[in-house]
Structures are given as C-alpha cells and as structure tokens.
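Content type TSV, C-alpha atoms, from the file protein.tsv:
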chain	number	residue	atom	x	y	z
L	28	MET	CA	2.27	-14.22	-4.64
L	29	LYS	CA	3.59	-10.65	-4.48
L	30	ILE	CA	1.08	-8.07	-3.20
L	31	LEU	CA	1.74	-4.34	-3.40
L	32	CYS	CA	-0.11	-2.47	-0.66
L	33	ILE	CA	-0.48	1.23	-1.36
L	34	LEU	CA	-1.38	3.49	1.56
L	35	GLN	CA	-1.85	7.26	1.39
L	36	ASN	CA	1.34	8.72	2.92
L	37	GLN	CA	3.85	8.31	5.70
L	38	TRP	CA	3.64	10.40	8.82
L	39	ALA	CA	6.08	10.74	11.68
L	40	ASN	CA	6.80	12.99	14.63
L	41	ASN	CA	9.96	14.01	12.81
L	42	PRO	CA	9.28	13.91	9.03
L	43	ASP	CA	12.77	15.23	8.22
L	44	GLN	CA	14.30	12.21	9.93
L	45	VAL	CA	12.19	9.82	7.82
L	46	LEU	CA	13.00	11.74	4.63
L	47	ALA	CA	16.70	11.53	5.56
L	48	LEU	CA	16.35	7.73	5.90
L	49	HIS	CA	14.83	7.54	2.43
L	50	ALA	CA	17.61	9.72	1.01
L	51	ARG	CA	20.32	7.68	2.73
L	52	TYR	CA	18.91	4.32	1.57
L	53	PRO	CA	17.19	5.02	-1.77
L	54	GLY	CA	16.78	1.35	-2.70
L	55	LYS	CA	15.15	0.50	0.63
L	56	ARG	CA	12.01	2.64	0.50
L	57	ASN	CA	9.58	-0.27	0.86
L	58	GLU	CA	11.53	-1.80	3.74
L	59	ILE	CA	11.66	1.54	5.58
L	60	ILE	CA	7.93	2.06	5.12
L	61	SER	CA	7.18	-1.46	6.33
L	62	ARG	CA	9.39	-1.21	9.41
L	63	LEU	CA	7.91	2.11	10.47
L	64	LEU	CA	4.36	0.93	9.72
L	65	PHE	CA	4.62	-2.03	12.07
L	66	ARG	CA	6.10	-0.17	15.02
L	67	GLY	CA	2.79	0.26	16.81
L	68	SER	CA	0.69	2.42	14.49
L	69	LEU	CA	-3.06	1.82	14.28
L	70	THR	CA	-2.70	1.23	10.54
L	71	GLY	CA	-0.04	-1.42	11.06
L	72	LYS	CA	-1.94	-3.11	13.89
L	73	ARG	CA	-5.09	-3.41	11.81
L	74	ILE	CA	-3.25	-4.67	8.73
L	75	GLU	CA	-1.51	-7.26	10.86
L	76	ALA	CA	-4.76	-8.29	12.58
L	77	VAL	CA	-6.56	-8.86	9.27
L	78	PHE	CA	-3.80	-9.92	6.86
L	79	GLY	CA	-1.21	-11.34	9.28
L	80	ASP	CA	-1.63	-14.98	8.26
L	81	LEU	CA	-1.47	-14.05	4.57
L	82	MET	CA	1.64	-11.95	5.20
L	83	GLU	CA	3.36	-15.16	6.31
L	84	GLN	CA	2.37	-16.93	3.08
L	85	HIS	CA	2.86	-14.13	0.55
L	86	ALA	CA	5.21	-11.20	-0.03
L	87	PHE	CA	3.42	-8.02	1.08
L	88	ILE	CA	5.26	-4.90	-0.09
L	89	PHE	CA	4.20	-1.53	1.30
L	90	ASP	CA	4.41	1.88	-0.33
L	91	GLU	CA	2.54	5.16	-0.28
L	92	ALA	CA	0.52	7.04	-2.88
L	93	SER	CA	2.39	10.21	-1.85
L	94	THR	CA	6.12	10.68	-1.37
L	95	VAL	CA	5.44	13.43	1.18
L	96	VAL	CA	6.01	12.61	4.86
L	97	THR	CA	3.79	14.62	7.19
L	98	SER	CA	3.96	15.31	10.93
L	99	SER	CA	0.29	14.45	11.48
L	100	ALA	CA	-1.63	11.19	11.25
L	101	LYS	CA	-4.45	13.25	9.75
L	102	GLY	CA	-2.20	14.65	7.02
L	103	ASN	CA	-3.27	13.74	3.52
L	104	PRO	CA	-0.94	15.28	0.94
L	105	PRO	CA	-1.78	14.84	-2.75
L	106	TYR	CA	-0.99	11.48	-4.28
L	107	ASN	CA	1.72	11.18	-6.91
L	108	ALA	CA	0.49	9.04	-9.81
L	109	ASN	CA	3.96	8.97	-11.40
L	110	HIS	CA	5.42	7.56	-8.19
L	111	VAL	CA	2.66	4.93	-8.02
L	112	ARG	CA	3.21	3.99	-11.68
L	113	GLU	CA	6.97	3.61	-11.19
L	114	THR	CA	6.44	1.60	-8.01
L	115	ILE	CA	4.15	-0.81	-9.86
L	116	ARG	CA	6.71	-1.13	-12.66
L	117	ARG	CA	9.54	-1.77	-10.22
L	118	VAL	CA	7.71	-4.19	-7.90
L	119	ARG	CA	5.76	-6.04	-10.64
L	120	PRO	CA	3.12	-7.31	-8.20
L	121	ASP	CA	0.60	-10.10	-8.78
L	122	ALA	CA	-2.04	-7.98	-7.04
L	123	ILE	CA	-2.45	-4.51	-5.55
L	124	ILE	CA	-4.40	-3.48	-2.48
L	125	ALA	CA	-5.32	0.21	-2.68
L	126	PHE	CA	-5.93	1.30	0.92
L	127	GLY	CA	-7.99	4.48	1.11
L	128	THR	CA	-9.22	7.15	-1.26
L	129	SER	CA	-5.83	8.60	-2.25
L	130	SER	CA	-4.52	5.21	-3.31
L	131	ARG	CA	-7.66	4.42	-5.32
L	132	ARG	CA	-7.47	7.79	-7.09
L	133	ALA	CA	-3.79	7.31	-7.89
L	134	ILE	CA	-4.50	3.87	-9.38
L	135	SER	CA	-7.36	5.35	-11.38
L	136	ASP	CA	-5.02	8.00	-12.82
L	137	VAL	CA	-2.43	5.33	-13.67
L	138	ARG	CA	-5.14	3.34	-15.50
L	139	GLN	CA	-6.30	6.37	-17.48
L	140	ALA	CA	-2.85	7.62	-18.51
L	141	LYS	CA	-2.73	7.52	-22.29
L	142	ARG	CA	0.96	8.26	-22.76
L	143	ASP	CA	2.17	4.90	-21.51
L	144	LYS	CA	-0.17	2.01	-20.89
L	145	LEU	CA	0.72	-0.13	-17.93
L	146	ASP	CA	-0.75	-3.59	-17.55
L	147	LEU	CA	-2.10	-3.53	-14.04
L	148	PRO	CA	-2.57	-6.68	-12.03
L	149	PRO	CA	-5.88	-7.10	-10.19
L	150	VAL	CA	-6.54	-4.14	-7.88
L	151	ILE	CA	-8.44	-4.68	-4.66
L	152	GLU	CA	-9.92	-1.54	-3.19
L	153	CYS	CA	-10.05	-1.33	0.59
L	154	VAL	CA	-10.76	1.28	3.22
L	155	HIS	CA	-7.78	2.89	4.89
L	156	PRO	CA	-6.94	0.72	7.91
L	157	ALA	CA	-6.98	3.69	10.31
L	158	ILE	CA	-10.47	4.82	9.30
L	159	GLN	CA	-12.62	5.74	12.30
L	160	LYS	CA	-15.97	4.68	10.86
L	161	PRO	CA	-17.93	1.52	11.64
L	162	GLY	CA	-17.62	-1.30	9.14
L	163	TRP	CA	-13.87	-1.04	8.53
L	164	MET	CA	-13.25	-4.61	9.69
L	165	ALA	CA	-15.85	-6.11	7.33
L	166	GLU	CA	-14.38	-4.16	4.39
L	167	MET	CA	-10.86	-5.26	5.24
L	168	LEU	CA	-12.01	-8.88	5.56
L	169	ASP	CA	-13.61	-8.59	2.10
L	170	ALA	CA	-10.22	-7.47	0.75
L	171	LYS	CA	-8.58	-10.44	2.47
L	172	LYS	CA	-11.08	-12.82	0.85
L	173	ALA	CA	-10.32	-11.28	-2.54
L	174	ILE	CA	-6.58	-11.90	-2.01
L	175	GLN	CA	-7.29	-15.49	-0.98
L	176	GLN	CA	-9.38	-16.06	-4.12
L	177	LEU	CA	-6.68	-14.54	-6.34
L	178	SER	CA	-4.09	-16.73	-4.70
L	179	LYS	CA	-6.12	-19.84	-5.54
L	180	GLN	CA	-6.54	-18.68	-9.14
L	181	LEU	CA	-2.82	-18.01	-9.57
L	182	GLN	CA	-1.67	-21.32	-8.11
L	183	PRO	CA	-0.50	-23.84	-10.71
L	184	VAL	CA	-2.79	-26.83	-11.10
Could the structure of this file be written out as structure tokens, please?
Amino acid sequence: MKILCILQNQWANNPDQVLALHARYPGKRNEIISRLLFRGSLTGKRIEAVFGDLMEQHAFIFDEASTVVTSSAKGNPPYNANHVRETIRRVRPDAIIAFGTSSRRAISDVRQAKRDKLDLPPVIECVHPAIQKPGWMAEMLDAKKAIQQLSKQLQPV
C-alpha cells in the first residue's frame, strides 16, 4: 500500500541550502523531505515511534502542504493547494495521512475545487506529530489503526 503523508512545511537552520537541494534534484523532492525528516527531528521521531512497523510493510511517501522552507520549527507558511493536488496526482497513493491543520485545509481545498475533480483516496486526519498538547499519542495511534484497517480492506482475498 502506498501512503502519502502530508506535513505542513519543511524547516531548516539554512532554508536556502534545502531549497538549493530541491532545485538541484527536482525529481527527488519526496526523498529529500524524508531524509531530512528522519535526521533527529521531533516530528520524525514521533512518526517513526508510531508508524515505524507500518513503514516497513508499506511505502510511506512524505511531502509538505507548503513549498516554503522556513528557518523556524514554529514557522507555518500558507499551504499550497495546487502543490498538494499535483503531488496526489503524481504519487497516486492508496491513502493519505494529513498531519496537522495546514494539511487538512489543503486537502479540503483540493476536494472542493470545481475546475478539476480529483478522485481522492481515503484521507486520514491526524494531529501534527510535533504538537505540544496532551493526547497527541492517542490521536496518532488512531491514525495508525485507520491505516491498518485500510490495509486489510485493500488486500486481495
């Protein structure tokens, strides 16, 4: 099963360096995001802690709702619904996990766009993994259960 995970945006100490990576390797956006995500960030650690076993069984592809790279973990630039739509078209996932408010809003805009209807796979809404409020683990585990149920439904009998 192919799962597209949409976060809000990339951040780095040197955003220009990350943007240069994206420009240098335009077809490798998802790989760049994934590699940077799992280099010790809180977001990556929590995703790995909750979804790690599923990541070994399924293809998890990571992208962002915004194409902006900020220099702050608290940065939250506006989402880009066109980017999200094109990512969904390109990846053609079996399911989407929308991590955080920006991702959920971007998916909502993609759903409501009248100019070109896009058949969306099931979308699982989840808190952003780096949220600092109690209850994040339970919400992420609920998203994991939803992925497990979808996986069972999509398996051939």
Worksheet item: Quick one: residues within 7 Å of stretch 40-52 of chain L, all atoms listed in the file counted, chain neighbours fewer than 2 positions away excluded, as a list in words?
Response: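 Once the adjacent positions are removed, what remains is Trp38, Gly54, Lys55, Arg56, Val96, Thr97 and Ser98 of chain L.
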Could you pull the residues within 9 Å of L:Val111, counting all atoms listed in the file, minus those fewer than 5 positions along the same chain, as an mmCIF file with C-alpha atoms, in the frame of the given file?
data_model
loop_
_atom_site.group_PDB
_atom_site.id
_atom_site.type_symbol
_atom_site.label_atom_id
_atom_site.label_comp_id
_atom_site.auth_asym_id
_atom_site.auth_seq_id
_atom_site.Cartn_x
_atom_site.Cartn_y
_atom_site.Cartn_z
ATOM 1 C CA ILE L 33 -0.480 1.230 -1.360
ATOM 2 C CA ASP L 90 4.410 1.880 -0.330
ATOM 3 C CA GLU L 91 2.540 5.160 -0.280
ATOM 4 C CA ALA L 92 0.520 7.040 -2.880
ATOM 5 C CA SER L 93 2.390 10.210 -1.850
ATOM 6 C CA TYR L 106 -0.990 11.480 -4.280
ATOM 7 C CA ARG L 116 6.710 -1.130 -12.660
ATOM 8 C CA SER L 130 -4.520 5.210 -3.310
ATOM 9 C CA ALA L 133 -3.790 7.310 -7.890
ATOM 10 C CA ILE L 134 -4.500 3.870 -9.380
ATOM 11 C CA VAL L 137 -2.430 5.330 -13.670
#
Worksheet item: With all atoms listed in the file as the atoms that count, which of L:Gln159, L:Asn57, L:Ser135, L:Ser99 lies nearest to L:Arg117?
Response: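 So, comparing all the options, the nearest one is L:Asn57.
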Worksheet entry | Contacts of L:Arg131 at 12 Å (only C-alpha atoms; same-chain gap of 3+ positions) as a ChimeraX atom specification | /L:32-35,91-92,106-108,111,123-128,134-138,150-155
Worksheet item: In Å, how far is it from atom CA of L:Lys29 to atom CA of L:Pro105?
Response: 26.1 Å
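From atom CA of L:Gly79 back to atom CA of L:Trp163, the distance works out to 16.3 Å.
Across the structure, atom CA of L:Ile74 and atom CA of L:Ile115 are spaced 20.4 Å apart.
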Discussion item. Give me, as a list in words, all polymer residues having an atom no more than 12 Å from L:Lys172, counting all atoms listed in the file and skipping those fewer than 5 positions away in the same chain.
Written reply: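 Contacts, in chain order: Val77, Phe78, Leu81, Ile124, Ile151, Cys153, Ala165, Glu166, Met167, Leu177, Ser178 and Lys179 of chain L.
Ranking L:Val95, L:Ile158, L:Leu31, L:Leu168 by their shortest atom-to-atom distance to L:Leu69, with only C-alpha atoms included, puts L:Ile158 first.
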Might you pull out every residue within 12 Å of L:Leu181, with only C-alpha atoms counted and same-chain residues fewer than 5 positions away left off, and present them as a PDB file with C-alpha atoms, in the coordinates of the input?
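File written: selection_34.pdb
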ATOM      1  CA  MET L  28       2.270 -14.220  -4.640  1.00  0.00           C
ATOM      2  CA  LYS L  29       3.590 -10.650  -4.480  1.00  0.00           C
ATOM      3  CA  ASP L 121       0.600 -10.100  -8.780  1.00  0.00           C
ATOM      4  CA  ALA L 122      -2.040  -7.980  -7.040  1.00  0.00           C
ATOM      5  CA  PRO L 148      -2.570  -6.680 -12.030  1.00  0.00           C
ATOM      6  CA  PRO L 149      -5.880  -7.100 -10.190  1.00  0.00           C
ATOM      7  CA  ILE L 174      -6.580 -11.900  -2.010  1.00  0.00           C
ATOM      8  CA  GLN L 175      -7.290 -15.490  -0.980  1.00  0.00           C
ATOM      9  CA  GLN L 176      -9.380 -16.060  -4.120  1.00  0.00           C
TER      10      GLN L 176
END
Worksheet item: Of the candidates L:Ile88, L:Pro156, L:Asn103, L:Glu83, which one gets nearest to L:Gly71 if we count only C-alpha atoms?
Response: L:Pro156
Given the block above, output stretch 51-145 of chain L with C-alpha atoms as a compact mmCIF listing (two decimals), in the first residue's frame.
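Result file is part-v1.txt:
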# COMPACT_ATOMS: atom_id res chain seq x y z
CA ARG L 51 19.30 20.60 -7.92
CA TYR L 52 17.27 17.37 -7.70
CA PRO L 53 13.74 18.29 -8.82
CA GLY L 54 12.55 14.69 -9.14
CA LYS L 55 13.73 13.80 -5.64
CA ARG L 56 11.57 16.11 -3.52
CA ASN L 57 9.94 13.32 -1.50
CA GLU L 58 13.25 11.58 -0.85
CA ILE L 59 14.87 14.84 0.31
CA ILE L 60 11.96 15.57 2.64
CA SER L 61 12.07 12.05 4.06
CA ARG L 62 15.83 12.06 4.65
CA LEU L 63 15.76 15.41 6.41
CA LEU L 64 12.66 14.46 8.42
CA PHE L 65 14.32 11.40 9.92
CA ARG L 66 17.58 13.06 10.92
CA GLY L 67 16.56 13.60 14.53
CA SER L 68 13.58 15.96 14.37
CA LEU L 69 10.77 15.57 16.90
CA THR L 70 8.32 15.10 14.03
CA GLY L 71 10.38 12.30 12.52
CA LYS L 72 10.95 10.60 15.88
CA ARG L 73 7.24 10.55 16.67
CA ILE L 74 6.26 9.31 13.21
CA GLU L 75 8.83 6.55 13.49
CA ALA L 76 7.71 5.63 17.02
CA VAL L 77 4.06 5.29 15.99
CA PHE L 78 4.20 4.18 12.34
CA GLY L 79 7.65 2.53 12.22
CA ASP L 80 6.39 -1.05 11.84
CA LEU L 81 3.94 0.02 9.12
CA MET L 82 6.71 1.92 7.33
CA GLU L 83 8.49 -1.41 6.92
CA GLN L 84 5.38 -3.00 5.37
CA HIS L 85 4.11 -0.14 3.22
CA ALA L 86 5.53 2.69 1.10
CA PHE L 87 5.28 5.91 3.13
CA ILE L 88 5.93 8.97 0.96
CA PHE L 89 6.40 12.34 2.66
CA ASP L 90 5.61 15.79 1.32
CA GLU L 91 4.55 19.16 2.65
CA ALA L 92 1.41 21.25 2.25
CA SER L 93 3.66 24.26 1.59
CA THR L 94 6.64 24.51 -0.72
CA VAL L 95 8.16 27.20 1.52
CA VAL L 96 11.12 26.20 3.71
CA THR L 97 11.35 28.24 6.91
CA SER L 98 14.17 28.78 9.40
CA SER L 99 11.94 28.09 12.40
CA ALA L 100 10.22 24.96 13.65
CA LYS L 101 7.31 27.22 14.58
CA GLY L 102 7.04 28.60 11.05
CA ASN L 103 3.74 27.88 9.36
CA PRO L 104 3.64 29.40 5.87
CA PRO L 105 0.40 29.15 3.88
CA TYR L 106 -0.36 25.81 2.28
CA ASN L 107 -0.34 25.46 -1.48
CA ALA L 108 -3.41 23.51 -2.62
CA ASN L 109 -2.11 23.32 -6.21
CA HIS L 110 1.10 21.70 -4.98
CA VAL L 111 -0.88 19.23 -2.87
CA ARG L 112 -3.16 18.39 -5.81
CA GLU L 113 -0.21 17.80 -8.14
CA THR L 114 1.56 15.69 -5.51
CA ILE L 115 -1.52 13.49 -5.15
CA ARG L 116 -1.74 13.13 -8.94
CA ARG L 117 1.94 12.25 -9.24
CA VAL L 118 2.14 9.85 -6.28
CA ARG L 119 -1.28 8.21 -6.79
CA PRO L 120 -1.49 6.99 -3.18
CA ASP L 121 -3.84 4.37 -1.77
CA ALA L 122 -4.32 6.56 1.31
CA ILE L 123 -3.32 9.99 2.61
CA ILE L 124 -2.43 10.99 6.14
CA ALA L 125 -2.98 14.73 6.62
CA PHE L 126 -0.78 15.72 9.56
CA GLY L 127 -1.88 19.00 11.13
CA THR L 128 -4.26 21.81 10.31
CA SER L 129 -2.49 23.11 7.19
CA SER L 130 -2.55 19.71 5.55
CA ARG L 131 -6.22 19.16 6.38
CA ARG L 132 -7.13 22.58 4.97
CA ALA L 133 -5.16 21.94 1.79
CA ILE L 134 -6.93 18.60 1.29
CA SER L 135 -10.27 20.31 1.90
CA ASP L 136 -9.47 22.88 -0.80
CA VAL L 137 -8.44 20.11 -3.21
CA ARG L 138 -11.76 18.34 -2.54
CA GLN L 139 -13.79 21.50 -3.15
CA ALA L 140 -12.02 22.61 -6.34
CA LYS L 141 -14.64 22.64 -9.08
CA ARG L 142 -12.33 23.20 -12.05
CA ASP L 143 -10.82 19.73 -11.99
CA LYS L 144 -12.20 16.96 -9.86
CA LEU L 145 -9.62 14.66 -8.39
